[in-house]
Amino acid sequence: VVPQSVKLPLAIVEDPNFKAGQDYFPDQSDNFFVGNSFPTCGINFTAQEIMGQTKENK
């Protein structure tokens, strides 16, 4: 059976009450891309390889 809806608690915080490590994570990279690795299939991409793709070389 697949759930029809999922309810998660929402974090509600307003400036100036943000807390580092709880509401935001300044030590984390601001990079959206992550590497993907599927060794069994021979597919391995680093985040840098994904970010380096352009329309011409994808």
# chains A, B, ... in the order shown; residues from 1 in each chain; ligands from 1

$ select_by_dssp --residues "chain A" --states "helix (DSSP H, G or I)" --output "ChimeraX atom specification"
/A:39-41,47-51

$ write_last_selection --atoms "C-alpha atoms" --output "compact mmCIF listing (two decimals), in the first residue's frame"
# COMPACT_ATOMS: atom_id res chain seq x y z
CA PRO A 39 29.11 0.98 -9.35
CA THR A 40 27.16 -2.09 -10.46
CA CYS A 41 26.01 -0.19 -13.54
CA ALA A 47 29.28 16.87 -8.35
CA GLN A 48 31.99 18.75 -10.27
CA GLU A 49 31.33 16.69 -13.42
CA ILE A 50 27.61 17.38 -13.19
CA MET A 51 28.16 21.13 -12.63

$ closest_residue --among "A:Asn36, A:Gly52, A:Gly42, A:Asp23" --to "Ala11 in chain A" --atoms "only C-alpha atoms"
A:Asp23

$ select_by_dssp --residues "chain A" --states "strand (DSSP E or B)" --output "PyMOL selection string"
chain A and resi 20+24+36-38+43-45

$ write_last_selection --atoms "N, CA and C atoms" --output "PDB file, in the first residue's frame"
ATOM      1  N   ALA A  20      21.931  28.693  13.930  1.00  0.00           N
ATOM      2  CA  ALA A  20      22.832  27.924  13.068  1.00  0.00           C
ATOM      3  C   ALA A  20      22.832  26.463  13.505  1.00  0.00           C
ATOM      4  N   TYR A  24      19.310  26.762   9.877  1.00  0.00           N
ATOM      5  CA  TYR A  24      20.121  26.904   8.665  1.00  0.00           C
ATOM      6  C   TYR A  24      21.494  26.321   8.956  1.00  0.00           C
ATOM      7  N   ASN A  36      26.747  11.138  -7.933  1.00  0.00           N
ATOM      8  CA  ASN A  36      25.935   9.929  -8.029  1.00  0.00           C
ATOM      9  C   ASN A  36      26.843   8.770  -8.375  1.00  0.00           C
ATOM     10  N   SER A  37      26.677   7.673  -7.658  1.00  0.00           N
ATOM     11  CA  SER A  37      27.513   6.517  -7.913  1.00  0.00           C
ATOM     12  C   SER A  37      26.664   5.248  -7.889  1.00  0.00           C
ATOM     13  N   PHE A  38      26.702   4.529  -9.003  1.00  0.00           N
ATOM     14  CA  PHE A  38      26.032   3.240  -9.120  1.00  0.00           C
ATOM     15  C   PHE A  38      27.051   2.266  -9.701  1.00  0.00           C
ATOM     16  N   ILE A  43      28.210   3.541 -13.430  1.00  0.00           N
ATOM     17  CA  ILE A  43      27.852   4.959 -13.506  1.00  0.00           C
ATOM     18  C   ILE A  43      28.403   5.667 -12.275  1.00  0.00           C
ATOM     19  N   ASN A  44      29.285   6.610 -12.481  1.00  0.00           N
ATOM     20  CA  ASN A  44      29.878   7.370 -11.384  1.00  0.00           C
ATOM     21  C   ASN A  44      30.072   8.807 -11.834  1.00  0.00           C
ATOM     22  N   PHE A  45      29.374   9.732 -11.222  1.00  0.00           N
ATOM     23  CA  PHE A  45      29.504  11.151 -11.533  1.00  0.00           C
ATOM     24  C   PHE A  45      29.830  11.907 -10.260  1.00  0.00           C
TER      25      PHE A  45
END

$ atom_distance --atom1 "CA of Asn17 in chain A" --atom2 "CA of Asp30 in chain A"
21.3 Å
